[in-house]
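Structure below is my_file11.txt: compact mmCIF, C-alpha atoms.
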```
# COMPACT_ATOMS: atom_id res chain seq x y z
CA MET J 123 104.44 119.25 123.94
CA LYS J 124 102.47 118.64 120.76
CA ARG J 125 102.45 115.25 119.08
CA PHE J 126 102.37 114.39 115.39
CA GLY J 127 102.82 111.18 113.41
CA SER J 128 101.77 107.59 113.91
CA ASP J 129 100.06 106.15 116.97
CA LYS J 130 102.23 104.62 119.67
CA GLY J 131 101.42 101.04 118.68
CA GLN J 132 102.35 101.63 115.03
CA MET J 133 105.68 103.33 115.56
CA ALA J 134 108.71 101.97 113.67
CA PRO J 135 112.24 103.38 113.37
CA ALA J 136 113.09 102.16 109.86
CA ALA J 137 111.54 103.51 106.69
CA ASP J 138 109.33 100.96 104.91
CA PRO J 139 109.91 101.57 101.16
CA ASN J 140 106.24 100.91 100.42
CA VAL J 141 105.01 103.41 103.02
CA LEU J 142 107.49 106.01 101.80
CA PHE J 143 106.47 105.37 98.18
CA ARG J 144 102.79 105.96 99.01
CA GLN J 145 103.59 109.12 100.97
CA ARG J 146 105.60 110.50 98.07
CA LEU J 147 102.76 109.58 95.73
CA TYR J 148 100.28 111.33 98.01
CA LEU J 149 102.54 114.40 97.93
CA LEU J 150 102.66 114.29 94.12
CA VAL J 151 98.86 114.17 93.97
CA ILE J 152 98.71 117.26 96.21
CA MET J 153 101.31 118.98 94.03
CA VAL J 154 99.34 118.30 90.84
CA LYS J 155 95.95 119.20 92.35
CA ALA J 156 97.38 122.42 93.76
CA ARG J 157 98.86 123.34 90.36
CA LEU J 158 95.55 122.67 88.62
CA LYS J 159 93.80 124.90 91.16
CA GLY J 160 96.25 127.72 90.41
CA TYR J 161 98.25 127.93 93.64
CA PRO J 162 101.58 129.76 93.28
CA VAL J 163 104.64 127.76 92.22
CA GLY J 164 108.06 129.48 92.40
CA ASN J 165 111.52 127.95 91.96
CA HIS J 166 111.59 125.90 95.17
CA ARG J 167 108.20 124.34 94.57
CA GLN J 168 109.08 123.64 90.95
CA SER J 169 112.27 121.84 92.05
CA ALA J 170 110.36 119.90 94.72
CA VAL J 171 107.79 118.68 92.20
CA LEU J 172 110.44 117.66 89.63
CA GLU J 173 112.47 115.84 92.29
CA ASN J 174 109.46 114.00 93.67
CA ALA J 175 108.25 113.00 90.20
CA ALA J 176 111.70 111.73 89.20
CA HIS J 177 112.05 109.81 92.45
CA LEU J 178 108.66 108.10 92.05
CA HIS J 179 109.27 107.28 88.39
CA GLN J 180 112.48 105.46 89.31
CA ALA J 181 110.93 103.84 92.39
CA CYS J 182 108.23 102.22 90.24
CA ASN J 183 110.90 99.97 88.73
CA ARG J 184 112.78 99.43 91.98
CA ILE J 185 110.17 98.70 94.63
CA ASP J 186 107.97 95.67 95.00
CA ILE J 187 104.77 97.66 95.47
CA THR J 188 101.88 96.40 97.56
CA LEU J 189 98.54 98.18 97.46
CA PRO J 190 95.53 98.36 99.78
CA ASN J 191 93.23 97.98 96.76
CA ALA J 192 94.94 96.31 93.80
CA LYS J 193 91.86 95.28 91.80
CA ALA J 194 93.26 96.59 88.52
CA GLY J 195 96.67 95.06 89.18
CA VAL J 196 100.02 96.40 90.30
CA HIS J 197 101.48 96.64 86.78
CA LEU J 198 98.75 98.99 85.58
CA PHE J 199 99.04 100.99 88.79
CA LYS J 200 102.77 101.45 88.22
CA GLU J 201 102.15 102.63 84.65
CA ARG J 202 99.56 105.11 85.93
CA VAL J 203 102.05 106.44 88.50
CA LYS J 204 104.69 106.84 85.79
CA LEU J 205 102.13 108.68 83.67
CA LEU J 206 101.30 110.98 86.61
CA CYS J 207 105.01 111.71 87.02
CA ILE J 208 105.19 112.76 83.36
CA MET J 209 102.00 114.79 83.72
CA ALA J 210 103.35 116.55 86.83
CA THR J 211 106.66 117.33 85.14
CA ALA J 212 104.91 118.79 82.09
CA LEU J 213 102.39 120.68 84.22
CA ILE J 214 104.98 122.33 86.43
CA SER J 215 107.31 123.30 83.58
CA ASP J 216 104.67 125.58 82.04
CA GLU J 217 106.09 124.81 78.59
CA TYR J 218 103.22 122.67 77.39
CA PRO J 219 99.59 123.64 76.78
CA LEU J 220 96.94 122.36 79.20
CA GLY J 221 93.54 122.02 77.61
CA VAL J 222 90.32 120.64 79.00
CA TYR J 223 91.10 117.12 77.73
CA ARG J 224 94.51 117.00 79.34
CA ARG J 225 93.08 118.38 82.55
CA ASP J 226 90.40 115.69 82.58
CA ALA J 227 92.97 113.00 81.80
CA ILE J 228 95.12 114.13 84.73
CA LEU J 229 92.15 114.12 87.12
CA GLU J 230 90.99 110.73 85.88
CA ASN J 231 94.48 109.30 86.37
CA ILE J 232 94.64 110.73 89.90
CA ASP J 233 91.26 109.21 90.74
CA SER J 234 92.37 105.76 89.55
CA ILE J 235 95.63 105.98 91.50
CA ALA J 236 93.82 107.19 94.60
CA VAL J 237 91.34 104.31 94.54
CA ALA J 238 94.21 101.82 94.49
CA ALA J 239 96.64 103.53 96.87
CA PHE J 240 94.51 105.64 99.25
CA PRO J 241 91.03 104.14 99.27
CA GLU J 242 90.21 105.37 102.77
CA GLN J 243 92.27 108.53 102.89
CA GLU J 244 90.91 112.04 102.52
CA LEU J 245 93.12 114.42 100.55
CA LEU J 246 93.51 117.75 102.31
CA LEU J 247 94.77 120.81 100.52
CA PHE J 248 96.12 123.18 103.17
CA HIS J 249 95.04 126.50 101.69
CA ASP J 250 97.17 128.81 103.87
CA ILE J 251 100.32 126.82 103.22
CA LEU J 252 99.75 126.42 99.49
CA MET J 253 99.23 130.18 99.17
CA ALA J 254 102.87 130.79 100.16
CA ALA J 255 104.48 132.44 97.17
CA MET X 189 89.02 109.37 97.92
CA ILE X 190 87.35 112.66 98.78
CA PHE X 191 88.95 115.96 97.83
CA SER X 192 88.18 118.63 100.34
CA TRP X 193 89.34 122.04 101.46
CA GLN X 194 90.24 123.21 104.90
CA PRO X 195 87.47 125.43 106.27
CA ASP X 196 87.58 129.02 105.06
CA GLN X 197 89.94 131.05 107.17
CA GLU X 198 91.43 134.48 106.98
CA ARG X 199 94.43 134.24 104.68
CA GLN X 200 97.65 133.85 106.61
CA THR X 201 101.25 134.01 105.58
CA ILE X 202 104.35 131.88 105.93
CA ILE X 203 107.12 133.45 108.04
CA LYS X 204 109.22 135.44 105.59
CA GLU X 205 112.46 133.67 104.60
CA VAL X 206 111.75 130.88 107.03
CA LYS X 207 114.73 128.62 107.74
CA ILE X 208 114.02 124.96 108.41
CA LEU X 209 116.63 122.31 109.22
CA VAL X 210 116.02 118.58 108.87
CA VAL X 211 118.47 116.26 110.64
CA ASP X 212 118.33 112.50 110.10
CA ASP X 213 120.83 109.78 109.24
CA ASP X 214 118.13 107.83 107.36
CA ILE X 215 118.65 109.25 103.86
CA ALA X 216 115.27 108.12 102.50
CA ILE X 217 113.31 109.79 105.31
CA LYS X 218 115.52 112.88 105.27
CA ASN X 219 115.13 113.40 101.51
CA PHE X 220 111.39 112.81 101.65
CA THR X 221 110.97 115.27 104.54
CA VAL X 222 113.10 117.92 102.84
CA ASN X 223 111.20 117.44 99.57
CA ALA X 224 107.80 117.79 101.25
CA LEU X 225 108.81 120.77 103.41
CA THR X 226 110.44 122.57 100.48
CA TYR X 227 107.16 122.28 98.64
CA CYS X 228 105.17 123.32 101.73
CA VAL X 229 107.04 126.51 102.58
CA ASN X 230 108.27 127.28 99.07
CA ARG X 231 111.73 128.00 100.48
CA GLU X 232 115.05 126.16 100.68
CA VAL X 233 115.20 123.55 103.45
CA ILE X 234 118.63 122.63 104.80
CA SER X 235 119.47 119.08 105.85
CA PHE X 236 122.16 117.22 107.76
CA GLY X 237 122.90 113.53 108.28
CA ASP X 238 123.92 113.80 111.94
CA GLY X 239 123.52 116.08 114.93
CA LEU X 240 127.11 117.27 114.97
CA SER X 241 126.95 118.68 111.41
CA ALA X 242 123.73 120.48 112.28
CA TRP X 243 125.27 121.88 115.46
CA ARG X 244 128.35 123.10 113.55
CA TYR X 245 126.01 124.97 111.20
CA ILE X 246 124.24 126.64 114.17
CA GLU X 247 127.49 127.29 116.01
CA ASN X 248 128.87 129.10 112.98
CA GLY X 249 125.96 131.53 112.95
CA GLY X 250 123.45 129.59 110.91
CA GLN X 251 119.89 130.51 111.84
CA ALA X 252 116.95 128.15 112.17
CA ASP X 253 113.30 128.96 112.83
CA MET X 254 112.52 125.27 113.11
CA ILE X 255 114.59 122.09 113.46
CA ILE X 256 113.14 118.64 112.88
CA SER X 257 115.66 116.15 114.18
CA ASP X 258 115.79 112.39 114.55
CA VAL X 259 116.79 111.11 117.99
CA ASP X 260 119.12 108.21 117.22
CA MET X 261 122.00 109.45 115.08
CA PRO X 262 125.78 109.00 114.99
CA LYS X 263 128.20 111.59 116.45
CA MET X 264 125.51 113.63 118.23
CA ASN X 265 121.98 112.45 118.98
CA GLY X 266 118.80 114.52 118.85
CA PHE X 267 118.65 115.14 122.61
CA GLU X 268 122.21 116.48 122.68
CA LEU X 269 121.48 118.69 119.68
CA LEU X 270 118.30 120.01 121.34
CA GLU X 271 120.19 120.90 124.52
CA LYS X 272 122.86 122.80 122.62
CA VAL X 273 120.38 124.61 120.38
CA ARG X 274 118.27 125.70 123.39
CA LYS X 275 121.34 127.41 124.88
CA ASN X 276 122.18 129.10 121.57
CA GLN X 277 118.82 129.88 119.94
CA ALA X 278 116.08 129.72 122.56
CA ASN X 279 113.27 130.65 120.16
CA THR X 280 113.93 127.92 117.62
CA VAL X 281 111.05 125.46 117.35
CA PHE X 282 112.62 122.06 117.98
CA ILE X 283 110.76 118.90 116.94
CA LEU X 284 112.19 115.52 117.85
CA MET X 285 111.25 112.53 115.70
CA SER X 286 111.67 108.88 116.48
CA GLY X 287 110.26 105.45 115.78
CA HIS X 288 110.90 104.33 119.37
CA ALA X 289 107.98 104.94 121.72
CA GLU X 290 110.26 105.30 124.77
CA ASN X 291 111.78 108.46 123.28
CA GLU X 292 108.49 110.34 123.52
CA GLY X 293 108.67 110.73 127.30
CA ARG X 294 112.32 111.78 127.08
CA ALA X 295 111.42 114.33 124.41
CA MET X 296 108.86 115.88 126.74
CA ALA X 297 111.33 115.95 129.60
CA SER X 298 113.91 117.56 127.31
CA ASN X 299 111.55 120.44 126.58
CA ALA X 300 111.06 119.68 122.88
CA ASP X 301 108.26 121.67 121.26
CA ALA X 302 106.79 118.60 119.61
CA PHE X 303 107.31 114.91 119.00
CA LEU X 304 106.97 113.44 115.51
CA ALA X 305 106.37 109.69 115.68
CA LYS X 306 107.76 107.64 112.79
CA PRO X 307 106.39 106.64 110.39
CA PHE X 308 104.61 109.89 109.68
CA ALA X 309 102.40 111.09 106.85
CA ILE X 310 102.46 114.08 104.54
CA ASN X 311 99.57 115.61 106.47
CA ASP X 312 101.69 115.54 109.64
CA LEU X 313 104.30 117.71 107.93
CA PHE X 314 101.60 120.06 106.62
CA ASN X 315 100.13 120.23 110.15
CA ILE X 316 103.54 121.08 111.59
CA VAL X 317 103.99 123.89 109.08
CA GLN X 318 100.45 125.09 109.77
CA THR X 319 101.14 125.09 113.53
CA TYR X 320 104.60 126.65 113.67
CA ILE X 321 105.36 128.41 110.41
CA VAL X 322 102.12 129.98 109.24
CA SER X 323 101.70 133.19 111.19
```

Taking this structure as input, can you express it in the form of C-alpha cells?
Amino acid sequence: MKRFGSDKGQMAPAADPNVLFRQRLYLLVIMVKARLKGYPVGNHRQSAVLENAAHLHQACNRIDITLPNAKAGVHLFKERVKLLCIMATALISDEYPLGVYRRDAILENIDSIAVAAFPEQELLLFHDILMAA
Amino acid sequence: MIFSWQPDQERQTIIKEVKILVVDDDIAIKNFTVNALTYCVNREVISFGDGLSAWRYIENGGQADMIISDVDMPKMNGFELLEKVRKNQANTVFILMSGHAENEGRAMASNADAFLAKPFAINDLFNIVQTYIVS
C-alpha cells in the first residue's frame, strides 16, 4: 500500500482553514504559472481556475490569515492574493491582452506571495499531468 | 521559492475519460480536492458527502477508475465502501484518507491501494494522479 499526505505525527482529521487557504493559494500559483507557460486549458481547467480564484478572493475577507513569513504584513498579503485572483481570472478567460508588462507584474506578484506564504516550499509543475488536454 | 520542472521524461497521457470519485463529509476538504483534481486531470470529478451515496452511484452502473474516500463518514464509512466496491469493480483504484493514524493499519488490512493522511498538500494529489492516472 502506498502512502501520501502528512507524516504520522502531524495528522489531523479536521480541516484547518489556514492550511486549506495556503493549499488553495499554492494551487492558484500552479494554475497561473502553467497558463503562462502555455499548458493546455480546456473547459474543466478553466472552471477549476475560476472556482479556486473566487474561493480565495472571498476567503481573504473571511479567514484570519497567519503566515510563515509576514514581514510585509498580512493586509498587504491579502491584497496581493486578491490581485492574483483577478490576474488568474483575466488570464484564463483569454479575453484580455497579456503583454510583457502584465506578465512581469503577475510573476512579481507571485514571487511576493510565495515569499510570505511558502518560504521553504519548492513549486513543482508536473509536466505529464499539465499536458493533459 | 524555487520554480523547477520535473526531470525530462517521455511524454505520457492521462487515461482517456478518466472517472474520479471523491467521497468526504467535510465539505471544505471535498471541494478543495475536487477542485484540484479537476484541474489536474482536466476532466469532471464526481463527489459525494457520504459512502452510501457513492455506493448508490456505483451500484447503479456508475464507473470509477479511482475513488478517494474519507474513512469516518455518516451512513457508510470508507472501509464499508471499499469492501463493496472491491466486490463490484475490482480494478478501481481505492484510496482511503483519514486524519486518524490508527486508520492507516486498517486501510492496509482492508486492501486499499493507498492511504492519504490528512492534512495533505497539493503535491500529494498531483503525485496520486501521476502514480495512478498517468499511463

Task: Using all atoms listed in the file: which of X:Thr319, X:Ala297, X:Gly287, X:Asn276 has the shortest distance to chain J - done: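 When distances to chain J are compared using all atoms listed in the file, the smallest one comes from X:Gly287.
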
- [ ] Write down, as an NGL selection string, each residue of chain J that has any atom within 8 Å of an atom of chain X, counting all atoms listed in the file.
- [x] :J and (123-130 or 132-137 or 142 or 145-146 or 148-149 or 163-167 or 170-171 or 173-174 or 233 or 236-237 or 240-255)

Task: Computed interatomic separation between CA of Ala212 (chain J) and CA of Phe143 (chain J) (Å) - done: 21.0 Å

TODO: Give me, please, the distance in Å between CA of Leu229 (chain J) and CA of Lys159 (chain J), quoted to one decimal.
DONE: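 Atom-to-atom, CA of Leu229 (chain J) to CA of Lys159 (chain J), that is 11.6 Å.
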
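Interatomic distance, CA of Asn183 (chain J) to CA of Ala238 (chain J): 17.8 Å.
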
- [ ] Tell me, as a list in words, which residues lie within 8 Å of region 242-249 of chain X, counting all atoms listed in the file; anything in the same chain fewer than 5 positions away does not count.
- [x] Leu209, Val211, Ser235, Phe236, Leu269, Lys272, Val273 and Asn276 of chain X
